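Participant: My structure is in start01.txt, and what it holds is compact mmCIF, C-alpha atoms (C1' of nucleotides):
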# COMPACT_ATOMS: atom_id res chain seq x y z
CA MET A 1 9.54 46.21 68.14
CA GLY A 2 12.38 43.81 68.12
CA ALA A 3 15.14 44.08 70.68
CA GLY A 4 14.49 45.16 74.20
CA VAL A 5 11.24 44.81 76.03
CA VAL A 6 9.82 48.22 76.71
CA GLU A 7 7.93 49.08 79.81
CA LYS A 8 4.30 49.08 78.82
CA THR A 9 3.12 49.48 82.36
CA LEU A 10 1.20 52.67 82.18
CA ASP A 11 -2.32 52.32 83.35
CA LEU A 12 -4.68 54.13 81.04
CA ASP A 13 -8.23 54.19 82.30
CA GLY A 14 -11.36 55.04 80.37
CA PHE A 15 -10.87 58.78 80.65
CA ASP A 16 -7.35 58.56 79.24
CA ARG A 17 -8.62 56.45 76.35
CA LYS A 18 -11.32 58.99 75.64
CA ILE A 19 -8.76 61.77 75.59
CA ILE A 20 -6.60 59.80 73.18
CA ASN A 21 -9.48 59.05 70.87
CA ILE A 22 -10.77 62.61 70.81
CA LEU A 23 -7.35 64.16 70.27
CA SER A 24 -6.59 61.78 67.44
CA GLY A 25 -9.37 63.43 65.49
CA GLU A 26 -9.28 66.97 66.80
CA GLY A 27 -5.87 67.77 68.16
CA ARG A 28 -6.41 71.47 68.68
CA ILE A 29 -9.54 71.63 70.81
CA SER A 30 -9.29 73.42 74.12
CA VAL A 31 -8.92 71.66 77.43
CA THR A 32 -12.29 73.07 78.40
CA GLU A 33 -13.98 71.39 75.45
CA LEU A 34 -12.02 68.19 76.07
CA ALA A 35 -13.14 68.16 79.70
CA ARG A 36 -16.75 68.65 78.67
CA ARG A 37 -16.60 65.76 76.22
CA ILE A 38 -15.05 63.22 78.56
CA GLY A 39 -17.29 64.26 81.42
CA LEU A 40 -14.71 65.64 83.82
CA SER A 41 -13.86 69.09 85.06
CA LYS A 42 -11.00 71.10 83.70
CA SER A 43 -8.22 70.54 86.22
CA PRO A 44 -8.10 66.73 86.17
CA THR A 45 -8.48 66.76 82.41
CA GLN A 46 -5.50 69.01 82.11
CA ALA A 47 -3.52 66.92 84.57
CA ARG A 48 -4.29 63.78 82.58
CA LEU A 49 -3.32 65.46 79.33
CA LYS A 50 -0.05 66.60 80.81
CA ARG A 51 0.63 63.15 82.14
CA LEU A 52 -0.04 61.62 78.71
CA GLU A 53 2.30 64.11 77.11
CA GLU A 54 5.11 63.71 79.62
CA SER A 55 4.91 59.94 79.71
CA GLY A 56 5.45 59.91 75.95
CA VAL A 57 2.09 58.43 74.99
CA ILE A 58 1.29 61.68 73.20
CA ARG A 59 4.39 62.51 71.22
CA GLY A 60 3.16 65.75 69.76
CA TYR A 61 0.56 67.43 67.62
CA ARG A 62 0.43 67.98 63.92
CA ALA A 63 -1.68 69.81 61.39
CA LEU A 64 -3.01 67.70 58.54
CA TYR A 65 -2.85 69.13 55.05
CA ASP A 66 -4.58 68.47 51.77
CA PRO A 67 -1.90 66.95 49.50
CA ILE A 68 -3.68 68.04 46.31
CA LEU A 69 -4.03 71.66 47.34
CA LEU A 70 -0.36 71.71 48.28
CA GLY A 71 0.60 70.13 44.97
CA ARG A 72 2.08 67.07 46.62
CA ASP A 73 -0.25 64.37 45.46
CA HIS A 74 2.19 61.94 43.91
CA VAL A 75 2.66 58.89 46.10
CA ALA A 76 4.89 55.96 45.29
CA PHE A 77 5.87 52.88 47.21
CA VAL A 78 9.39 51.63 46.72
CA GLU A 79 10.61 48.18 47.52
CA VAL A 80 14.32 48.34 48.26
CA LYS A 81 16.64 45.36 48.27
CA LEU A 82 20.00 45.59 49.96
CA SER A 83 23.18 43.83 48.99
CA ASP A 84 24.24 43.60 52.62
CA THR A 85 21.80 42.87 55.43
CA ARG A 86 24.16 42.76 58.36
CA GLU A 87 23.41 44.94 61.33
CA ALA A 88 25.89 47.65 60.41
CA ALA A 89 24.52 47.92 56.88
CA LEU A 90 20.95 48.16 58.11
CA ALA A 91 21.96 50.83 60.60
CA ALA A 92 23.70 52.84 57.88
CA PHE A 93 20.68 52.61 55.64
CA ASN A 94 18.32 53.58 58.45
CA LYS A 95 20.36 56.59 59.39
CA ALA A 96 20.51 57.83 55.81
CA VAL A 97 16.90 57.23 54.85
CA VAL A 98 15.31 59.10 57.72
CA VAL A 99 16.72 62.43 56.62
CA ILE A 100 15.20 62.28 53.13
CA PRO A 101 12.17 64.54 53.46
CA GLU A 102 10.28 62.95 50.58
CA VAL A 103 10.35 59.59 52.35
CA GLU A 104 7.28 59.70 54.54
CA GLN A 105 7.57 56.19 55.84
CA CYS A 106 10.20 53.49 55.89
CA HIS A 107 9.71 49.99 57.25
CA LEU A 108 12.08 47.08 57.50
CA ILE A 109 10.19 44.12 56.09
CA ALA A 110 10.49 40.56 57.36
CA GLY A 111 11.19 37.62 55.12
CA ALA A 112 13.44 39.13 52.53
CA PHE A 113 15.31 41.80 54.48
CA ASP A 114 13.78 44.44 52.28
CA TYR A 115 12.62 47.92 52.98
CA LEU A 116 9.32 49.39 51.93
CA LEU A 117 9.35 53.15 51.46
CA LYS A 118 6.49 55.54 50.97
CA VAL A 119 7.64 58.50 48.91
CA ARG A 120 5.66 61.68 48.38
CA THR A 121 6.58 64.20 45.70
CA ASP A 122 4.92 66.82 43.56
CA GLY A 123 4.76 64.63 40.48
CA MET A 124 6.44 61.98 38.41
CA ILE A 125 9.34 64.24 37.47
CA GLY A 126 10.03 64.98 41.10
CA TYR A 127 9.74 61.32 41.95
CA ARG A 128 12.26 60.28 39.35
CA ALA A 129 14.70 62.82 40.70
CA VAL A 130 14.25 61.56 44.25
CA LEU A 131 14.65 57.96 43.18
CA ALA A 132 17.76 58.60 41.12
CA GLU A 133 19.51 61.06 43.35
CA LYS A 134 18.47 60.07 46.84
CA ILE A 135 17.00 56.59 47.15
CA SER A 136 19.24 54.75 44.72
CA THR A 137 22.31 56.25 46.33
CA LEU A 138 21.44 55.08 49.83
CA PRO A 139 23.97 52.73 51.45
CA HIS A 140 24.00 49.13 50.19
CA VAL A 141 21.03 49.50 47.84
CA SER A 142 21.16 46.86 45.13
CA HIS A 143 17.71 47.08 43.58
CA THR A 144 14.48 49.06 43.77
CA SER A 145 10.95 48.43 42.53
CA THR A 146 8.50 51.31 42.33
CA TYR A 147 4.73 51.06 42.69
CA VAL A 148 2.93 54.27 41.84
CA ALA A 149 -0.32 55.07 43.60
CA MET A 150 -3.20 56.09 41.36
CA GLN A 151 -5.52 56.97 44.17
CA ALA A 152 -5.25 57.49 47.91
CA VAL A 153 -8.31 55.59 49.07
CA LYS A 154 -7.53 56.04 52.73
CA GLU A 155 -4.79 58.21 54.11
CA ASP A 156 -4.13 60.69 56.83
CA GLY A 157 -3.03 64.14 55.90
CA VAL A 158 0.42 65.06 54.78
CA GLY A 159 3.20 66.79 56.66
CA GLY A 160 4.24 70.28 55.70
CA ASN A 161 7.77 69.78 54.52
CA GLY A 162 9.42 67.48 52.06
CA GLY A 163 10.88 69.36 49.17
CA GLY A 164 8.50 72.24 48.96
CA GLY A 165 10.62 75.01 50.30
CA THR A 166 11.20 77.00 53.41
CA MET B 1 -5.37 62.21 41.62
CA GLY B 2 -6.33 61.09 38.20
CA ALA B 3 -9.64 62.28 36.86
CA GLY B 4 -10.65 65.89 37.07
CA VAL B 5 -8.28 68.78 37.27
CA VAL B 6 -8.63 70.41 40.64
CA GLU B 7 -8.28 74.11 41.20
CA LYS B 8 -4.85 74.59 42.70
CA THR B 9 -5.06 78.34 42.44
CA LEU B 10 -4.51 79.40 45.99
CA ASP B 11 -1.61 81.72 46.37
CA LEU B 12 0.45 80.81 49.39
CA ASP B 13 3.16 83.32 50.17
CA GLY B 14 6.13 82.87 52.44
CA PHE B 15 4.18 83.54 55.60
CA ASP B 16 1.63 80.88 54.75
CA ARG B 17 4.41 78.41 54.03
CA LYS B 18 6.00 79.20 57.37
CA ILE B 19 2.70 78.60 59.12
CA ILE B 20 2.31 75.27 57.35
CA ASN B 21 5.80 74.14 58.21
CA ILE B 22 5.57 75.13 61.85
CA LEU B 23 2.16 73.57 62.37
CA SER B 24 3.26 70.34 60.76
CA GLY B 25 5.64 69.90 63.65
CA GLU B 26 3.80 71.59 66.48
CA GLY B 27 0.11 71.65 65.79
CA ARG B 28 -1.01 72.91 69.16
CA ILE B 29 1.00 76.07 69.68
CA SER B 30 -0.94 79.27 70.27
CA VAL B 31 -1.57 81.85 67.58
CA THR B 32 0.46 84.28 69.66
CA GLU B 33 3.48 82.01 69.52
CA LEU B 34 2.88 81.31 65.85
CA ALA B 35 2.79 85.02 65.13
CA ARG B 36 6.04 85.56 67.00
CA ARG B 37 7.77 82.83 65.01
CA ILE B 38 6.72 83.94 61.55
CA GLY B 39 7.43 87.58 62.37
CA LEU B 40 3.94 89.00 62.07
CA SER B 41 1.49 90.39 64.59
CA LYS B 42 -1.42 88.41 65.92
CA SER B 43 -4.32 89.57 63.77
CA PRO B 44 -2.94 88.77 60.33
CA THR B 45 -1.53 85.50 61.63
CA GLN B 46 -4.91 84.48 62.86
CA ALA B 47 -6.54 85.61 59.61
CA ARG B 48 -4.07 83.57 57.59
CA LEU B 49 -4.59 80.53 59.77
CA LYS B 50 -8.33 80.78 59.40
CA ARG B 51 -7.99 81.19 55.66
CA LEU B 52 -5.80 78.09 55.46
CA GLU B 53 -8.32 76.13 57.49
CA GLU B 54 -11.38 77.29 55.59
CA SER B 55 -9.79 76.85 52.17
CA GLY B 56 -9.15 73.23 53.04
CA VAL B 57 -5.35 73.38 52.97
CA ILE B 58 -5.35 72.56 56.67
CA ARG B 59 -7.78 69.69 57.05
CA GLY B 60 -7.49 69.34 60.79
CA TYR B 61 -5.21 68.64 63.69
CA ARG B 62 -4.18 65.39 65.25
CA ALA B 63 -2.28 64.16 68.27
CA LEU B 64 0.54 61.73 67.55
CA TYR B 65 0.90 58.70 69.77
CA ASP B 66 3.64 56.26 70.58
CA PRO B 67 2.51 52.94 69.05
CA ILE B 68 4.60 50.87 71.44
CA LEU B 69 3.25 52.50 74.57
CA LEU B 70 -0.27 51.99 73.26
CA GLY B 71 0.45 48.36 72.47
CA ARG B 72 -0.19 48.86 68.77
CA ASP B 73 3.20 48.21 67.30
CA HIS B 74 2.39 45.52 64.78
CA VAL B 75 2.45 46.86 61.24
CA ALA B 76 1.81 44.83 58.12
CA PHE B 77 1.51 45.74 54.47
CA VAL B 78 -0.99 43.80 52.44
CA GLU B 79 -1.02 43.54 48.71
CA VAL B 80 -4.56 42.88 47.56
CA LYS B 81 -5.51 41.56 44.15
CA LEU B 82 -9.06 41.90 42.90
CA SER B 83 -10.91 39.56 40.62
CA ASP B 84 -12.83 42.45 39.11
CA THR B 85 -11.21 45.80 38.39
CA ARG B 86 -14.11 47.61 36.78
CA GLU B 87 -15.14 50.94 38.18
CA ALA B 88 -18.06 49.60 40.18
CA ALA B 89 -15.94 46.92 41.81
CA LEU B 90 -13.24 49.39 42.75
CA ALA B 91 -15.84 51.72 44.20
CA ALA B 92 -17.32 48.92 46.27
CA PHE B 93 -13.92 47.93 47.57
CA ASN B 94 -13.01 51.54 48.37
CA LYS B 95 -16.21 52.10 50.28
CA ALA B 96 -15.75 48.97 52.36
CA VAL B 97 -12.06 49.35 53.13
CA VAL B 98 -12.19 52.86 54.51
CA VAL B 99 -14.35 51.84 57.46
CA ILE B 100 -11.92 49.20 58.72
CA PRO B 101 -10.17 50.97 61.60
CA GLU B 102 -7.08 48.77 61.48
CA VAL B 103 -6.42 49.84 57.90
CA GLU B 104 -4.41 53.00 58.30
CA GLN B 105 -3.74 53.53 54.63
CA CYS B 106 -5.07 52.17 51.38
CA HIS B 107 -3.74 53.05 47.95
CA LEU B 108 -4.82 51.95 44.51
CA ILE B 109 -1.64 50.89 42.74
CA ALA B 110 -0.98 51.38 39.05
CA GLY B 111 0.18 48.62 36.77
CA ALA B 112 -1.60 45.64 38.19
CA PHE B 113 -4.80 47.17 39.54
CA ASP B 114 -3.83 46.13 43.03
CA TYR B 115 -4.29 47.74 46.38
CA LEU B 116 -1.63 48.24 48.97
CA LEU B 117 -2.90 48.39 52.53
CA LYS B 118 -1.12 49.37 55.70
CA VAL B 119 -2.62 47.54 58.63
CA ARG B 120 -1.90 48.27 62.28
CA THR B 121 -2.85 45.88 65.05
CA ASP B 122 -1.74 44.94 68.54
CA GLY B 123 0.11 41.83 67.42
CA MET B 124 0.21 38.91 65.07
CA ILE B 125 -2.90 37.32 66.53
CA GLY B 126 -4.85 40.50 66.03
CA TYR B 127 -3.49 40.82 62.53
CA ARG B 128 -4.56 37.34 61.54
CA ALA B 129 -8.04 38.06 62.78
CA VAL B 130 -8.24 41.29 60.80
CA LEU B 131 -6.93 39.61 57.68
CA ALA B 132 -9.30 36.66 57.90
CA GLU B 133 -12.43 38.45 59.03
CA LYS B 134 -12.14 41.87 57.48
CA ILE B 135 -9.67 42.16 54.62
CA SER B 136 -10.24 38.81 52.95
CA THR B 137 -13.98 39.40 52.98
CA LEU B 138 -13.79 42.73 51.21
CA PRO B 139 -15.64 42.90 47.87
CA HIS B 140 -13.96 41.18 44.92
CA VAL B 141 -10.79 40.19 46.78
CA SER B 142 -9.14 37.24 45.07
CA HIS B 143 -5.72 37.13 46.70
CA THR B 144 -3.67 38.81 49.40
CA SER B 145 0.04 38.88 50.20
CA THR B 146 1.20 40.05 53.60
CA TYR B 147 4.51 41.72 54.39
CA VAL B 148 5.16 42.13 58.08
CA ALA B 149 7.22 45.08 59.29
CA MET B 150 10.01 44.24 61.68
CA GLN B 151 10.92 47.81 62.40
CA ALA B 152 9.41 51.23 61.75
CA VAL B 153 12.48 53.12 60.59
CA LYS B 154 10.54 56.26 59.78
CA GLU B 155 6.93 56.84 60.59
CA ASP B 156 4.61 59.49 61.87
CA GLY B 157 2.68 58.81 65.00
CA VAL B 158 -0.38 56.65 65.13
CA GLY B 159 -4.01 57.60 65.37
CA GLY B 160 -5.93 56.83 68.51
CA ASN B 161 -8.52 54.36 67.30
CA GLY B 162 -8.40 51.13 65.41
CA GLY B 163 -9.49 48.27 67.56
CA GLY B 164 -8.71 49.61 70.97
CA GLY B 165 -11.97 50.55 72.50
CA THR B 166 -14.15 53.49 73.30
C1' DT C 1 -7.68 62.83 93.13
C1' DA C 2 -11.63 66.06 91.86
C1' DT C 3 -13.70 70.64 92.49
C1' DG C 4 -13.91 75.67 92.34
C1' DA C 5 -12.04 80.32 92.33
C1' DA C 6 -8.46 83.80 91.15
C1' DA C 7 -4.35 85.28 88.22
C1' DT C 8 -2.47 84.93 83.83
C1' DA C 9 -2.49 84.55 78.96
C1' DA C 10 -4.71 83.55 74.89
C1' DT C 11 -8.21 84.69 71.33
C1' DC C 12 -11.41 87.79 69.11
C1' DC C 13 -13.09 92.19 67.55
C1' DT C 14 -12.74 97.08 66.34
C1' DA C 15 -10.29 101.05 64.91
C1' DC C 16 -6.11 103.01 62.97
C1' DT C 17 -1.99 103.38 59.98
C1' DA D 1 -2.73 94.32 54.29
C1' DG D 2 -0.32 94.87 58.86
C1' DT D 3 -0.30 97.08 63.61
C1' DA D 4 -2.20 98.35 68.05
C1' DG D 5 -5.31 98.18 71.79
C1' DG D 6 -9.23 96.59 74.48
C1' DA D 7 -13.09 93.07 75.62
C1' DT D 8 -14.10 88.26 76.00
C1' DT D 9 -12.86 83.76 76.87
C1' DA D 10 -9.71 80.09 77.96
C1' DT D 11 -5.75 78.28 80.57
C1' DT D 12 -3.00 77.92 84.55
C1' DT D 13 -2.10 77.86 89.39
C1' DC D 14 -3.60 77.49 93.98
C1' DA D 15 -6.48 76.43 97.80
C1' DT D 16 -10.03 73.22 99.57
C1' DA D 17 -12.42 69.10 100.40
Please rewrite the model in this file as structure tokens.
Facilitator:
Amino acid sequence: MGAGVVEKTLDLDGFDRKIINILSGEGRISVTELARRIGLSKSPTQARLKRLEESGVIRGYRALYDPILLGRDHVAFVEVKLSDTREAALAAFNKAVVVIPEVEQCHLIAGAFDYLLKVRTDGMIGYRAVLAEKISTLPHVSHTSTYVAMQAVKEDGVGGNGGGGT
Amino acid sequence: MGAGVVEKTLDLDGFDRKIINILSGEGRISVTELARRIGLSKSPTQARLKRLEESGVIRGYRALYDPILLGRDHVAFVEVKLSDTREAALAAFNKAVVVIPEVEQCHLIAGAFDYLLKVRTDGMIGYRAVLAEKISTLPHVSHTSTYVAMQAVKEDGVGGNGGGGT
DNA sequence: TATGAAATAATCCTACT
DNA sequence: AGTAGGATTATTTCATA
């Protein structure tokens, strides 16, 4: 995305695609089951899986959690405007924002050199604290606009960490 | 989120929290390894894992993919305004939007009764097709504004499906 | 590159502390 | 409720085609 053309030349055939699609829904099934579903025996299935993992197509596996049961059902989207949009400023912002655990997603948006953040907390009080203490103090932030989600109509599960506690 | 207080009364102790945090990063490790890491023997670890799964805290497992290697690195956020925001209209919109595979996320936003959608495609051409043929034709849509992401600064992996092909 | 068999390691179940 | 041990099943490696 952006600078540098990345080598996209990995040839994924139908079996690889099937593996990808199955594992996107059920990431913990056994290789035996996976082999049965794609219609191949165990060894080649395992070899393909390993190849997908080592080539970087599969970056890892994650458990999906119920945000409500974990008490982390407050989602807000934050539009962030920067006072400086030069490369160094963007890099500083990027580096600082990725380590905030409550920030689930952060995208650089075209057109206005803004960022759009997705922030998950355990409630409005927690959100205000994150906004005041973490997001507003990020490098070169000049203005933020918050949009609170009333309902997650479609969403994948939530990661385990992010302010809860280890 | 919103109507109906949900029973949050599951008591998660430190071991459960450890399980949740570990599995959020490595969702495919064995129960043996999991037991070793949380400092418990295998049987209780497995019992706790099963309890977390059956209580709904863990909703499933998913493989994370590299969007670039899969050729699905175009992300856009769409603000959708509805002409009708009564309950029935919202329900109709919700029902229709969840089945669009390119829509990764959809949130009902407070304040203006808008929706914010995250749409992933294989490029601008694919995005325009999705916007014209799928999003704009959703029930009660009156207006959309698109914000294209130039860079994913922080983001979990991507699901396997969404326009690719089975 | 797929198949099939043998060694290894995981899961599952039962009994004990 | 956690630990320990044994039976079942899956995964891994290796040989073969």
Participant: With chain B as the partner and 9 Å as the cut-off, tabulate the residues of chain D that qualify, each row holding the nearest pair of atoms and their distance in Å to one decimal, using all atoms listed in the file, sorted by chain and rising number, as JSON lines.
Facilitator:
{"residue": "D:DA1", "atom": "C1'", "partner": "B:Pro44", "partner_atom": "CA", "distance": 8.2}
{"residue": "D:DG2", "atom": "C1'", "partner": "B:Pro44", "partner_atom": "CA", "distance": 6.8}
{"residue": "D:DT3", "atom": "C1'", "partner": "B:Ser41", "partner_atom": "CA", "distance": 7.0}
Participant: What do you get for the Cα RMSD if chain A is superposed onto chain B using all Cα atoms in their order?
Facilitator: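 0.1 Å is the C-alpha RMSD between the two chains.
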Participant: Quick one: residues within 12 Å of Glu87 of chain B, all atoms listed in the file counted, chain neighbours fewer than 6 positions away excluded, as a ChimeraX atom specification?
Facilitator: /B:93-94,113,140
Participant: Store the residues picked out above, limited to C-alpha atoms, as a compact mmCIF listing (two decimals), in the frame of the given file.
Facilitator:
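As written to disk, again.txt reads:
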# COMPACT_ATOMS: atom_id res chain seq x y z
CA PHE B 93 -13.92 47.93 47.57
CA ASN B 94 -13.01 51.54 48.37
CA PHE B 113 -4.80 47.17 39.54
CA HIS B 140 -13.96 41.18 44.92
Participant: Got a sec to pull out which chain B residues are within 10 Å of chain C, counting all atoms listed in the file, and send them as a ChimeraX atom specification?
Facilitator: /B:30-33,42-43,46
Participant: Using only C-alpha atoms (C1' of nucleotides), what residues lie at most 7 Å away from (2.9, 67.3, 62.1) (file coordinates), given as a list of chain:residue names?
Facilitator: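 Applying the cut-off with only C-alpha atoms (C1' of nucleotides), one gets A:Tyr61, A:Arg62, A:Ala63, A:Leu64, A:Gly159, B:Leu23, B:Ser24, B:Gly25, B:Glu26, B:Gly27.
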Participant: How many Å lie between atom CA of His143 of chain A and atom CA of Lys81 of chain B, rounded to one decimal?
Facilitator: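 These atoms are spaced 23.9 Å apart.
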Participant: Quick one: of B:Pro139, B:Pro101, B:Gly60, B:Gly39, who's nearest to chain A, counting all atoms listed in the file?
Facilitator: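 For chain A, the nearest of the given residues is B:Gly60.
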